[in-house]
Amino acid sequence: MKSTVTIESKKQTNIMHLDGTLDAYNAANVKDKFQELEGNHPTRVILDLKNVSFIDSAGIGVIISLYRRLKEKNCACVLAHVHGQPQYLIEMLQLDRILPQYANLEEAMDGTATG
Amino acid sequence: MCALAISAESRAKAPRPDFQYTCAATLMDVEHVREALDIYLGSAPIPKEIRHNFVLGFMEWATNLVQHALEKPHKIEVSFYLFTDKAELVIRDDGSPFLEFADQLANQPLRKEINDMGEEGGLGLYLLAHLFELCFYNPRSTTLELNELCLSYPFATPLGGDPFILQQQVVALVEDDEIMRTLTKMYLEQQYQVVDFADAESAWAYLREHAAHVSLILCDVTLPGMDGLQLRKKLLQEDVQSRIPFLFLTRHSQPEMEEKASELGIDGYLTKPVEPRQLLTTVRRSLLRAEQVRQSITHELDQRLTMTLEPQIPDHINGFSCALRTQEASAGGGDVAFCFEHQPEHLLFLGDVMGHGVTAKYFAHAYAGYLYGMLRAMTEQDGQAEHIMQQFDRCLSMDAFLQQSMMTLLIMGMPTAPDKPLRIVSAGHPPPVLVTEKQCRFIKAGGPMAGLSLEHPYEATELTLEPGQRLFLYTDGLFESTSNLHDQKRCRQQVFQILQDMRTEPLDLVADTIMQTQSDIFKSSPEEGLQDDVTIILLEHNPEGDSQ
């Protein structure tokens with residue numbers, strides 16, 4: 001399944017809606033899209049994983065590299081709607097320690113309590 | 001399929017994989033196989049985490065083959081095997097082997113910290129080694145046509161906690177539409193034994209008799225004659241195994257039906273037409289949930305009841321030293337032992353409530369509690385052993401609750417005056433053993449089992465224990481915890497030998513030795529676990545004991 005990526009900007013926050021899988025097959029495509037995220041110098045980037053059903057190590061790789069680049073620019077990177085296999089993998093790798101997770105986009109926008 | 005070098009022993013027994021797929025070595029094809037594998041594993045009876053791990057494991061290794069093999073493979077073949085004790089995924093390829101990876105797996109623990117993770121950091125291989133307790137890699141060679149990576153996941157307990165769960169669980173299916181019934185049955189038979197019925201009446205007739213063997217009921221709501229709701233109601237009212245999970249089959253447009261059904265405490269719905277994967281997942285989930293509930297209740301009840309009714313008597317009774325040991329079986333009937341102080345004799349009761357299975361265990365506890373109260377009241381009225389037994393016999397033939405089971409009972413009067421004999425009255429209880437310097441012999445103290453309406457006059461057998469002599473009381477479980485006659489005989493001989501050889505050793509030591517011997521014999525028996533409670537009591541005359 002080819003993944004699609006759409007980017008939405010709200011104030012200083014960029015939301016990236018991912019759709020499909022985030023694996024070796026799609027990683028390169030998603031990585032290119034990540035460049036766009038940094039265009040308008042956001043202070044917060046939300047990765048919306050609502051429609052992501054599978055992530056592998058390549059997918060984790062691109063998320064980590066994005067997180068690093070954003071961190072250098074003092075931009076927060078958070079996850080929303082993490083569920084199923086992606087949630088399992090993210091928690092197993094303890095990525096939730098560096099990438100805060102939120103139940104939905106509203107909470108992810110202002111960083112209120114997780115769901 | 002090629003010859004296998006590793007774990008060939010286990011796969012030889014079931015060489016046909018449960019799932020197999022061969023694809024070209026491209027990322028796009030690998031992606032397709034991943035999806036197919038994920039869908040297949042979704043219907044396999046394995047926990048979700050294991051499913052995720054296998055899918056991820058496949059993805060990581062196949063990607064690695066496509067992207068990093070020096071000589072790229074032409075094809076990748078994936079096979080999944082499900083055994084009762086483990087699940088295994090084998091990925092084979094015809095590319096150049098990863099010799100370094102084989103070394104790494106064998107020699108170094110692969111470690112990874114979040115900070116080391118990058119896009120090229122070998123996270124995939126780390127995941128493989130981390131996700132699977134057993135991960136073997138066999139490079140191809142003259143004897144092995146393809147490279148193979150074997151990811152194995154042993155189950156801590158066999159699937160479902162029961163090694164035969166896959167073969168043995170029975171699903172009762174009630175559906176009047178023949179096509180739907182045949183189809184649903186076919187899906188279910190991948191994993192369960194299915195008994196099917198075209199109407200609720202025949203299902204009811206079957207369940208009344210065989211409910212104990214049925215693990216789950218899957219029933220259409222709309223049926224000719226008695227409908228699904230009525231069947232459920234009937235099962236609940238008559239308390240026919242109301243703990244069996246009950247799933248309804250409904251059509252989309254039946255909201256009021258669903259509302260009614262939810263009042264009857266059903267476990268779930270499946271909407272017709274049934275989708276096989278959802279069917280199997282829902283059935284499996286309901287079975288697992290029922291099993292969890294059952295286990296937690298069993299555990300709690302067992303703990304509470306065992307604590308309140310464990311056989312207990314004092315160490316010293318009227319000039320006699322006593323040692324009691326008891327071993328409770330997880331199922332079957334229950335032993336009771338208690339002692340009431342009375343004049344002119346204290347009374348010791350040893351009984352064995354019969355029953356089989358886990359339900360019998362609960363009942364035996366309830367029964368024992370009832371019995372305790374009743375015998376206590378009788379003792380206060382007339383404390384003579386044979387009178388109590390007579391009264392107990394009459395009660396048993398009239399009392400509806402007590403009639404639900406059978407029991408053997410031994411009552412022994414232990415005199416407060418030093419010159420009086422012990423008086424033993426038995427109702428179907430195994431005969432006590434007198435241990436003297438020369439021999440062990442059974443004491444004839446017999447009457448029929450109580451409650452048989454035989455109006456048998458129970459008589460007491462009198463026995464005076466001389467110094468150096470001992471009396472040994474026990475329940476059936478001591479020799480009959482197995483149906484193996486050879487083991488029973490062996491156990492009897494050894495117990496007698498111990499009683500004889502150790503007759504000057506302390507009572508506690510002898511009692512412990514007997515329990516240990518019994519347990520060793522029955523542990524080696526092919527039947528697993530103790531089938532019945534075992535209780536033993538050893539007595540000897542010891543006038544100084546009371547003042548100690």
# chains A, B, ... in the order shown; residues from 1 in each chain; ligands from 1
>>> residues_around(residues="A:Ala24", least_positions_apart="3", cutoff="8 Å", atoms="only C-alpha atoms", output="count of residues only")
8
>>> residues_around(residues="stretch 142-152 of chain B", least_positions_apart="3", cutoff="6 Å", atoms="only C-alpha atoms", output="MDAnalysis selection string")
chainID B and resid 87:94 134:139
>>> closest_residue(among="A:Val62, A:Ile90, A:Leu99, A:Ile46", to="chain B", atoms="only C-alpha atoms")
A:Val62
>>> residues_around(residues="stretch 64-74 of chain A", least_positions_apart="5", cutoff="12 Å", atoms="only C-alpha atoms", output="mmCIF file with all heavy atoms, in the first residue's frame")
data_model
loop_
_atom_site.group_PDB
_atom_site.id
_atom_site.type_symbol
_atom_site.label_atom_id
_atom_site.label_comp_id
_atom_site.auth_asym_id
_atom_site.auth_seq_id
_atom_site.Cartn_x
_atom_site.Cartn_y
_atom_site.Cartn_z
ATOM 1 N N ASN A 14 2.456 22.495 12.626
ATOM 2 C CA ASN A 14 2.247 21.736 11.399
ATOM 3 C C ASN A 14 1.755 20.342 11.746
ATOM 4 O O ASN A 14 2.350 19.669 12.589
ATOM 5 C CB ASN A 14 3.551 21.613 10.606
ATOM 6 C CG ASN A 14 3.834 22.873 9.810
ATOM 7 O OD1 ASN A 14 3.015 23.804 9.817
ATOM 8 N ND2 ASN A 14 4.979 22.899 9.145
ATOM 9 N N MET A 16 0.989 16.610 10.304
ATOM 10 C CA MET A 16 1.247 15.725 9.182
ATOM 11 C C MET A 16 0.345 14.505 9.306
ATOM 12 O O MET A 16 0.486 13.712 10.224
ATOM 13 C CB MET A 16 2.703 15.297 9.209
ATOM 14 C CG MET A 16 3.121 14.535 7.991
ATOM 15 S SD MET A 16 4.876 14.240 8.091
ATOM 16 C CE MET A 16 5.268 14.029 6.387
ATOM 17 N N ALA A 27 9.228 4.524 3.215
ATOM 18 C CA ALA A 27 10.001 5.440 4.050
ATOM 19 C C ALA A 27 10.575 6.620 3.253
ATOM 20 O O ALA A 27 10.487 7.773 3.682
ATOM 21 C CB ALA A 27 11.115 4.679 4.757
ATOM 22 N N VAL A 30 7.979 9.277 2.430
ATOM 23 C CA VAL A 30 7.579 10.041 3.615
ATOM 24 C C VAL A 30 8.685 11.002 4.033
ATOM 25 O O VAL A 30 8.438 12.143 4.423
ATOM 26 C CB VAL A 30 7.228 9.081 4.776
ATOM 27 C CG1 VAL A 30 6.920 9.858 6.040
ATOM 28 C CG2 VAL A 30 6.041 8.205 4.392
ATOM 29 N N LYS A 31 9.915 10.542 3.872
ATOM 30 C CA LYS A 31 11.048 11.358 4.289
ATOM 31 C C LYS A 31 11.118 12.664 3.473
ATOM 32 O O LYS A 31 11.378 13.744 4.019
ATOM 33 C CB LYS A 31 12.337 10.566 4.093
ATOM 34 C CG LYS A 31 13.479 11.070 4.936
ATOM 35 C CD LYS A 31 14.696 10.228 4.676
ATOM 36 C CE LYS A 31 15.922 11.015 5.061
ATOM 37 N NZ LYS A 31 17.123 10.456 4.473
ATOM 38 N N ASP A 32 10.847 12.535 2.177
ATOM 39 C CA ASP A 32 10.841 13.735 1.333
ATOM 40 C C ASP A 32 9.804 14.736 1.822
ATOM 41 O O ASP A 32 10.038 15.941 1.870
ATOM 42 C CB ASP A 32 10.520 13.367 -0.122
ATOM 43 C CG ASP A 32 11.662 12.610 -0.766
ATOM 44 O OD1 ASP A 32 12.774 12.644 -0.190
ATOM 45 O OD2 ASP A 32 11.436 11.979 -1.813
ATOM 46 N N LYS A 33 8.649 14.208 2.196
ATOM 47 C CA LYS A 33 7.571 15.078 2.668
ATOM 48 C C LYS A 33 7.946 15.804 3.956
ATOM 49 O O LYS A 33 7.497 16.912 4.228
ATOM 50 C CB LYS A 33 6.302 14.248 2.908
ATOM 51 C CG LYS A 33 5.557 13.923 1.626
ATOM 52 C CD LYS A 33 4.736 15.125 1.205
ATOM 53 C CE LYS A 33 3.907 14.800 -0.022
ATOM 54 N NZ LYS A 33 3.105 15.969 -0.437
ATOM 55 N N PHE A 34 8.768 15.130 4.730
ATOM 56 C CA PHE A 34 9.165 15.732 6.001
ATOM 57 C C PHE A 34 9.888 17.066 5.797
ATOM 58 O O PHE A 34 9.821 17.949 6.651
ATOM 59 C CB PHE A 34 10.078 14.770 6.792
ATOM 60 C CG PHE A 34 9.327 13.741 7.580
ATOM 61 C CD1 PHE A 34 10.005 12.730 8.247
ATOM 62 C CD2 PHE A 34 7.943 13.788 7.686
ATOM 63 C CE1 PHE A 34 9.319 11.779 8.985
ATOM 64 C CE2 PHE A 34 7.253 12.840 8.423
ATOM 65 C CZ PHE A 34 7.946 11.833 9.066
ATOM 66 N N GLN A 35 10.602 17.176 4.659
ATOM 67 C CA GLN A 35 11.316 18.437 4.400
ATOM 68 C C GLN A 35 10.345 19.617 4.427
ATOM 69 O O GLN A 35 10.648 20.675 4.951
ATOM 70 C CB GLN A 35 12.009 18.397 3.031
ATOM 71 C CG GLN A 35 12.744 17.111 2.708
ATOM 72 C CD GLN A 35 14.102 17.021 3.380
ATOM 73 O OE1 GLN A 35 14.539 17.975 4.019
ATOM 74 N NE2 GLN A 35 14.757 15.881 3.241
ATOM 75 N N GLU A 36 9.165 19.387 3.841
ATOM 76 C CA GLU A 36 8.169 20.457 3.753
ATOM 77 C C GLU A 36 7.744 20.966 5.120
ATOM 78 O O GLU A 36 7.399 22.123 5.287
ATOM 79 C CB GLU A 36 6.904 19.956 3.037
ATOM 80 C CG GLU A 36 7.085 19.751 1.558
ATOM 81 C CD GLU A 36 5.786 19.264 0.922
ATOM 82 O OE1 GLU A 36 4.700 19.622 1.434
ATOM 83 O OE2 GLU A 36 5.869 18.508 -0.062
ATOM 84 N N LEU A 37 7.739 20.044 6.076
ATOM 85 C CA LEU A 37 7.276 20.391 7.413
ATOM 86 C C LEU A 37 8.053 21.547 8.013
ATOM 87 O O LEU A 37 7.558 22.322 8.811
ATOM 88 C CB LEU A 37 7.451 19.202 8.356
ATOM 89 C CG LEU A 37 6.380 18.127 8.331
ATOM 90 C CD1 LEU A 37 6.791 17.016 9.274
ATOM 91 C CD2 LEU A 37 5.051 18.721 8.769
ATOM 92 N N GLU A 38 9.345 21.613 7.601
ATOM 93 C CA GLU A 38 10.208 22.573 8.261
ATOM 94 C C GLU A 38 10.158 23.944 7.592
ATOM 95 O O GLU A 38 10.738 24.897 8.100
ATOM 96 C CB GLU A 38 11.635 22.026 8.280
ATOM 97 C CG GLU A 38 11.703 20.716 9.049
ATOM 98 C CD GLU A 38 12.950 19.905 8.714
ATOM 99 O OE1 GLU A 38 14.015 20.518 8.598
ATOM 100 O OE2 GLU A 38 12.844 18.677 8.560
ATOM 101 N N GLY A 39 9.413 23.998 6.467
ATOM 102 C CA GLY A 39 9.391 25.218 5.679
ATOM 103 C C GLY A 39 8.999 26.477 6.436
ATOM 104 O O GLY A 39 9.720 27.477 6.407
ATOM 105 N N ASN A 40 7.885 26.461 7.146
ATOM 106 C CA ASN A 40 7.406 27.708 7.765
ATOM 107 C C ASN A 40 7.814 27.848 9.235
ATOM 108 O O ASN A 40 7.123 28.473 10.031
ATOM 109 C CB ASN A 40 5.887 27.834 7.599
ATOM 110 C CG ASN A 40 5.150 26.687 8.273
ATOM 111 O OD1 ASN A 40 5.788 25.709 8.678
ATOM 112 N ND2 ASN A 40 3.856 26.826 8.427
ATOM 113 N N HIS A 41 8.899 27.198 9.595
ATOM 114 C CA HIS A 41 9.467 27.294 10.947
ATOM 115 C C HIS A 41 8.429 27.127 12.045
ATOM 116 O O HIS A 41 8.169 28.046 12.814
ATOM 117 C CB HIS A 41 10.216 28.630 11.127
ATOM 118 C CG HIS A 41 11.238 28.840 10.069
ATOM 119 N ND1 HIS A 41 12.398 28.098 10.012
ATOM 120 C CD2 HIS A 41 11.257 29.675 8.997
ATOM 121 C CE1 HIS A 41 13.102 28.474 8.951
ATOM 122 N NE2 HIS A 41 12.427 29.424 8.314
ATOM 123 N N PRO A 42 7.812 25.979 12.113
ATOM 124 C CA PRO A 42 6.805 25.744 13.154
ATOM 125 C C PRO A 42 7.463 25.601 14.524
ATOM 126 O O PRO A 42 8.687 25.377 14.609
ATOM 127 C CB PRO A 42 6.175 24.417 12.728
ATOM 128 C CG PRO A 42 7.286 23.695 12.013
ATOM 129 C CD PRO A 42 8.116 24.760 11.353
ATOM 130 N N THR A 43 6.655 25.742 15.573
ATOM 131 C CA THR A 43 7.170 25.487 16.918
ATOM 132 C C THR A 43 6.716 24.105 17.385
ATOM 133 O O THR A 43 7.172 23.604 18.397
ATOM 134 C CB THR A 43 6.643 26.529 17.924
ATOM 135 O OG1 THR A 43 5.212 26.528 17.864
ATOM 136 C CG2 THR A 43 7.185 27.899 17.636
ATOM 137 N N ARG A 44 5.796 23.539 16.611
ATOM 138 C CA ARG A 44 5.273 22.233 17.012
ATOM 139 C C ARG A 44 4.880 21.431 15.766
ATOM 140 O O ARG A 44 4.216 21.945 14.868
ATOM 141 C CB ARG A 44 4.032 22.459 17.883
ATOM 142 C CG ARG A 44 3.551 21.264 18.656
ATOM 143 C CD ARG A 44 2.447 21.715 19.617
ATOM 144 N NE ARG A 44 2.006 20.625 20.440
ATOM 145 C CZ ARG A 44 2.634 20.233 21.546
ATOM 146 N NH1 ARG A 44 3.711 20.864 21.959
ATOM 147 N NH2 ARG A 44 2.169 19.221 22.240
ATOM 148 N N VAL A 45 5.302 20.159 15.742
ATOM 149 C CA VAL A 45 4.906 19.281 14.640
ATOM 150 C C VAL A 45 4.157 18.083 15.222
ATOM 151 O O VAL A 45 4.615 17.463 16.183
ATOM 152 C CB VAL A 45 6.135 18.800 13.833
ATOM 153 C CG1 VAL A 45 5.768 17.631 12.925
ATOM 154 C CG2 VAL A 45 6.709 19.949 13.013
ATOM 155 N N ILE A 46 2.986 17.856 14.649
ATOM 156 C CA ILE A 46 2.203 16.704 15.111
ATOM 157 C C ILE A 46 2.172 15.648 14.013
ATOM 158 O O ILE A 46 1.816 15.949 12.867
ATOM 159 C CB ILE A 46 0.748 17.112 15.436
ATOM 160 C CG1 ILE A 46 0.732 18.197 16.518
ATOM 161 C CG2 ILE A 46 -0.062 15.899 15.888
ATOM 162 C CD1 ILE A 46 -0.637 18.828 16.717
ATOM 163 N N LEU A 47 2.579 14.424 14.342
ATOM 164 C CA LEU A 47 2.438 13.330 13.388
ATOM 165 C C LEU A 47 1.145 12.606 13.715
ATOM 166 O O LEU A 47 1.012 12.004 14.774
ATOM 167 C CB LEU A 47 3.614 12.356 13.490
ATOM 168 C CG LEU A 47 4.995 12.909 13.154
ATOM 169 C CD1 LEU A 47 6.026 11.789 13.209
ATOM 170 C CD2 LEU A 47 4.991 13.558 11.770
ATOM 171 N N SER A 57 11.204 -0.873 11.143
ATOM 172 C CA SER A 57 12.382 -0.150 11.618
ATOM 173 C C SER A 57 12.722 1.029 10.699
ATOM 174 O O SER A 57 13.215 2.060 11.151
ATOM 175 C CB SER A 57 13.567 -1.094 11.734
ATOM 176 O OG SER A 57 13.930 -1.575 10.463
ATOM 177 N N ALA A 58 12.428 0.884 9.406
ATOM 178 C CA ALA A 58 12.692 1.998 8.490
ATOM 179 C C ALA A 58 11.785 3.182 8.842
ATOM 180 O O ALA A 58 12.217 4.342 8.835
ATOM 181 C CB ALA A 58 12.449 1.555 7.053
ATOM 182 N N GLY A 59 10.539 2.887 9.171
ATOM 183 C CA GLY A 59 9.593 3.928 9.575
ATOM 184 C C GLY A 59 10.033 4.605 10.859
ATOM 185 O O GLY A 59 9.983 5.829 10.998
ATOM 186 N N LEU A 79 3.179 12.874 18.819
ATOM 187 C CA LEU A 79 2.393 11.908 18.051
ATOM 188 C C LEU A 79 0.933 11.958 18.492
ATOM 189 O O LEU A 79 0.650 12.184 19.665
ATOM 190 C CB LEU A 79 2.910 10.482 18.282
ATOM 191 C CG LEU A 79 4.408 10.239 18.062
ATOM 192 C CD1 LEU A 79 4.765 8.808 18.422
ATOM 193 C CD2 LEU A 79 4.786 10.526 16.610
ATOM 194 N N ILE A 90 6.277 1.328 19.135
ATOM 195 C CA ILE A 90 6.789 2.561 19.729
ATOM 196 C C ILE A 90 7.009 2.392 21.230
ATOM 197 O O ILE A 90 8.023 2.811 21.785
ATOM 198 C CB ILE A 90 5.825 3.734 19.426
ATOM 199 C CG1 ILE A 90 6.017 4.163 17.957
ATOM 200 C CG2 ILE A 90 6.074 4.919 20.359
ATOM 201 C CD1 ILE A 90 4.959 5.096 17.436
ATOM 202 N N LEU A 93 10.025 0.047 21.951
ATOM 203 C CA LEU A 93 11.317 0.710 21.779
ATOM 204 C C LEU A 93 11.473 1.893 22.731
ATOM 205 O O LEU A 93 12.467 2.605 22.689
ATOM 206 C CB LEU A 93 11.466 1.190 20.332
ATOM 207 C CG LEU A 93 11.584 0.082 19.292
ATOM 208 C CD1 LEU A 93 11.495 0.649 17.887
ATOM 209 C CD2 LEU A 93 12.894 -0.678 19.467
ATOM 210 N N LEU A 95 10.098 4.660 22.669
ATOM 211 C CA LEU A 95 10.143 5.959 22.000
ATOM 212 C C LEU A 95 9.179 6.937 22.636
ATOM 213 O O LEU A 95 9.291 8.153 22.449
ATOM 214 C CB LEU A 95 9.794 5.810 20.516
ATOM 215 C CG LEU A 95 10.853 5.128 19.671
ATOM 216 C CD1 LEU A 95 10.416 5.101 18.230
ATOM 217 C CD2 LEU A 95 12.178 5.875 19.796
ATOM 218 N N ASP A 96 8.212 6.413 23.386
ATOM 219 C CA ASP A 96 7.264 7.310 24.049
ATOM 220 C C ASP A 96 7.975 8.185 25.084
ATOM 221 O O ASP A 96 7.444 9.177 25.535
ATOM 222 C CB ASP A 96 6.095 6.532 24.656
ATOM 223 C CG ASP A 96 6.533 5.278 25.390
ATOM 224 O OD1 ASP A 96 7.672 4.820 25.164
ATOM 225 O OD2 ASP A 96 5.751 4.753 26.194
ATOM 226 N N ILE A 98 10.623 9.944 24.400
ATOM 227 C CA ILE A 98 11.042 11.192 23.755
ATOM 228 C C ILE A 98 9.959 11.807 22.875
ATOM 229 O O ILE A 98 9.993 12.984 22.566
ATOM 230 C CB ILE A 98 12.344 11.002 22.940
ATOM 231 C CG1 ILE A 98 12.171 9.885 21.915
ATOM 232 C CG2 ILE A 98 13.531 10.721 23.841
ATOM 233 C CD1 ILE A 98 13.272 9.869 20.868
ATOM 234 N N LEU A 99 9.006 10.978 22.473
ATOM 235 C CA LEU A 99 7.939 11.491 21.614
ATOM 236 C C LEU A 99 6.602 11.403 22.353
ATOM 237 O O LEU A 99 6.003 10.330 22.414
ATOM 238 C CB LEU A 99 7.849 10.650 20.328
ATOM 239 C CG LEU A 99 9.016 10.770 19.359
ATOM 240 C CD1 LEU A 99 8.998 9.618 18.363
ATOM 241 C CD2 LEU A 99 8.980 12.101 18.635
ATOM 242 N N PRO A 100 6.133 12.518 22.914
ATOM 243 C CA PRO A 100 4.873 12.480 23.666
ATOM 244 C C PRO A 100 3.717 12.034 22.766
ATOM 245 O O PRO A 100 3.677 12.384 21.581
ATOM 246 C CB PRO A 100 4.672 13.928 24.109
ATOM 247 C CG PRO A 100 5.998 14.574 23.969
ATOM 248 C CD PRO A 100 6.725 13.852 22.890
ATOM 249 N N ILE B 114 18.055 4.147 22.344
ATOM 250 C CA ILE B 114 17.305 5.073 21.502
ATOM 251 C C ILE B 114 18.248 6.033 20.774
ATOM 252 O O ILE B 114 18.111 6.295 19.587
ATOM 253 C CB ILE B 114 16.312 5.889 22.345
ATOM 254 C CG1 ILE B 114 15.189 4.970 22.804
ATOM 255 C CG2 ILE B 114 15.734 7.038 21.535
ATOM 256 C CD1 ILE B 114 14.181 5.632 23.686
ATOM 257 N N ASN B 115 19.267 6.489 21.485
ATOM 258 C CA ASN B 115 20.156 7.478 20.893
ATOM 259 C C ASN B 115 20.961 6.947 19.710
ATOM 260 O O ASN B 115 21.437 7.700 18.883
ATOM 261 C CB ASN B 115 21.108 8.035 21.959
ATOM 262 C CG ASN B 115 20.351 8.891 22.944
ATOM 263 O OD1 ASN B 115 19.294 9.425 22.616
ATOM 264 N ND2 ASN B 115 20.872 8.991 24.157
ATOM 265 N N ASP B 116 21.112 5.610 19.662
ATOM 266 C CA ASP B 116 21.868 5.048 18.550
ATOM 267 C C ASP B 116 20.996 4.832 17.326
ATOM 268 O O ASP B 116 21.491 4.517 16.259
ATOM 269 C CB ASP B 116 22.441 3.666 18.913
ATOM 270 C CG ASP B 116 23.300 3.748 20.144
ATOM 271 O OD1 ASP B 116 23.790 4.849 20.436
ATOM 272 O OD2 ASP B 116 23.467 2.706 20.809
ATOM 273 N N MET B 117 19.699 4.943 17.521
ATOM 274 C CA MET B 117 18.816 4.588 16.418
ATOM 275 C C MET B 117 18.911 5.619 15.314
ATOM 276 O O MET B 117 18.767 6.800 15.539
ATOM 277 C CB MET B 117 17.361 4.540 16.887
ATOM 278 C CG MET B 117 17.058 3.364 17.778
ATOM 279 S SD MET B 117 15.359 3.470 18.273
ATOM 280 C CE MET B 117 15.377 2.387 19.691
ATOM 281 N N GLY B 118 19.127 5.146 14.150
ATOM 282 C CA GLY B 118 19.159 6.073 13.030
ATOM 283 C C GLY B 118 18.561 5.371 11.842
ATOM 284 O O GLY B 118 17.931 4.336 11.996
ATOM 285 N N GLU B 119 18.752 5.955 10.682
ATOM 286 C CA GLU B 119 18.137 5.328 9.526
ATOM 287 C C GLU B 119 18.927 4.123 9.039
ATOM 288 O O GLU B 119 18.399 3.247 8.408
ATOM 289 C CB GLU B 119 17.996 6.360 8.410
ATOM 290 C CG GLU B 119 16.802 7.235 8.651
ATOM 291 C CD GLU B 119 16.933 8.567 7.952
ATOM 292 O OE1 GLU B 119 17.533 9.488 8.561
ATOM 293 O OE2 GLU B 119 16.458 8.669 6.829
ATOM 294 N N GLU B 120 20.223 4.110 9.325
ATOM 295 C CA GLU B 120 21.019 2.983 8.840
ATOM 296 C C GLU B 120 21.573 2.179 10.002
ATOM 297 O O GLU B 120 22.516 1.440 9.860
ATOM 298 C CB GLU B 120 22.191 3.480 7.970
ATOM 299 C CG GLU B 120 21.791 4.260 6.738
ATOM 300 C CD GLU B 120 21.576 5.743 7.045
ATOM 301 O OE1 GLU B 120 22.250 6.235 7.962
ATOM 302 O OE2 GLU B 120 20.733 6.369 6.379
ATOM 303 N N GLY B 121 21.012 2.347 11.137
ATOM 304 C CA GLY B 121 21.656 1.824 12.349
ATOM 305 C C GLY B 121 21.498 0.343 12.613
ATOM 306 O O GLY B 121 21.858 -0.135 13.667
ATOM 307 N N LEU B 123 18.772 -1.185 13.116
ATOM 308 C CA LEU B 123 17.684 -1.360 14.075
ATOM 309 C C LEU B 123 16.868 -2.618 13.746
ATOM 310 O O LEU B 123 16.418 -3.329 14.621
ATOM 311 C CB LEU B 123 16.780 -0.118 14.061
ATOM 312 C CG LEU B 123 15.505 -0.175 14.897
ATOM 313 C CD1 LEU B 123 15.821 -0.386 16.358
ATOM 314 C CD2 LEU B 123 14.691 1.095 14.700
#
>>> residues_around(residues="stretch 214-231 of chain B", least_positions_apart="5", cutoff="6 Å", atoms="only C-alpha atoms", output="PyMOL selection string")
chain B and resi 169-175+200+244-250
>>> write_last_selection(atoms="N, CA, C and O atoms", output="tab-separated table (two decimals), in the first residue's frame")
chain	number	residue	atom	x	y	z
B	169	GLN	N	-11.79	-28.09	22.13
B	169	GLN	CA	-12.88	-27.20	22.46
B	169	GLN	C	-14.04	-27.40	21.50
B	169	GLN	O	-13.86	-27.49	20.29
B	170	VAL	N	-15.22	-27.50	22.08
B	170	VAL	CA	-16.40	-27.79	21.28
B	170	VAL	C	-17.29	-26.55	21.20
B	170	VAL	O	-17.60	-25.92	22.22
B	171	VAL	N	-17.66	-26.18	20.00
B	171	VAL	CA	-18.58	-25.07	19.81
B	171	VAL	C	-19.92	-25.62	19.34
B	171	VAL	O	-19.97	-26.43	18.41
B	172	ALA	N	-21.00	-25.24	20.03
B	172	ALA	CA	-22.33	-25.64	19.59
B	172	ALA	C	-22.88	-24.54	18.70
B	172	ALA	O	-22.93	-23.37	19.10
B	173	LEU	N	-23.27	-24.90	17.50
B	173	LEU	CA	-23.76	-23.93	16.52
B	173	LEU	C	-25.24	-24.18	16.25
B	173	LEU	O	-25.63	-25.30	15.91
B	174	VAL	N	-26.06	-23.14	16.44
B	174	VAL	CA	-27.49	-23.29	16.17
B	174	VAL	C	-27.87	-22.30	15.08
B	174	VAL	O	-27.76	-21.09	15.26
B	175	GLU	N	-28.27	-22.81	13.93
B	175	GLU	CA	-28.56	-21.96	12.77
B	175	GLU	C	-29.49	-22.72	11.84
B	175	GLU	O	-29.19	-23.85	11.44
B	200	ALA	N	-33.53	-24.69	17.86
B	200	ALA	CA	-33.18	-24.55	19.27
B	200	ALA	C	-33.63	-25.75	20.09
B	200	ALA	O	-32.99	-26.08	21.10
B	244	ILE	N	-21.18	-20.93	30.16
B	244	ILE	CA	-20.66	-21.11	28.79
B	244	ILE	C	-20.86	-19.82	28.01
B	244	ILE	O	-21.96	-19.28	27.99
B	245	PRO	N	-19.82	-19.29	27.38
B	245	PRO	CA	-19.99	-18.07	26.60
B	245	PRO	C	-21.06	-18.28	25.53
B	245	PRO	O	-21.14	-19.34	24.92
B	246	PHE	N	-21.89	-17.26	25.35
B	246	PHE	CA	-23.00	-17.35	24.42
B	246	PHE	C	-22.89	-16.21	23.42
B	246	PHE	O	-22.90	-15.04	23.79
B	247	LEU	N	-22.77	-16.55	22.14
B	247	LEU	CA	-22.67	-15.53	21.11
B	247	LEU	C	-23.89	-15.62	20.20
B	247	LEU	O	-24.32	-16.71	19.85
B	248	PHE	N	-24.44	-14.45	19.84
B	248	PHE	CA	-25.58	-14.42	18.95
B	248	PHE	C	-25.17	-14.10	17.52
B	248	PHE	O	-24.27	-13.29	17.29
B	249	LEU	N	-25.87	-14.72	16.59
B	249	LEU	CA	-25.73	-14.35	15.18
B	249	LEU	C	-26.95	-13.51	14.85
B	249	LEU	O	-28.08	-13.95	15.07
B	250	THR	N	-26.74	-12.30	14.36
B	250	THR	CA	-27.89	-11.46	14.02
B	250	THR	C	-27.72	-10.89	12.62
B	250	THR	O	-26.64	-10.88	12.06
>>> atom_distance(atom1="atom CA of B:Glu189", atom2="atom CA of B:Arg16")
17.9 Å
>>> select_by_dssp(residues="stretch 18-107 of chain A", states="alpha helix (DSSP H)", output="NGL selection string")
:A and (24-37 or 57-72 or 84-92 or 105-107)
>>> residues_around(residues="A:Asp110", least_positions_apart="4", cutoff="12 Å", atoms="only C-alpha atoms", output="PyMOL selection string")
chain A and resi 10-13+43-46+76+78+80+102+104-106+114
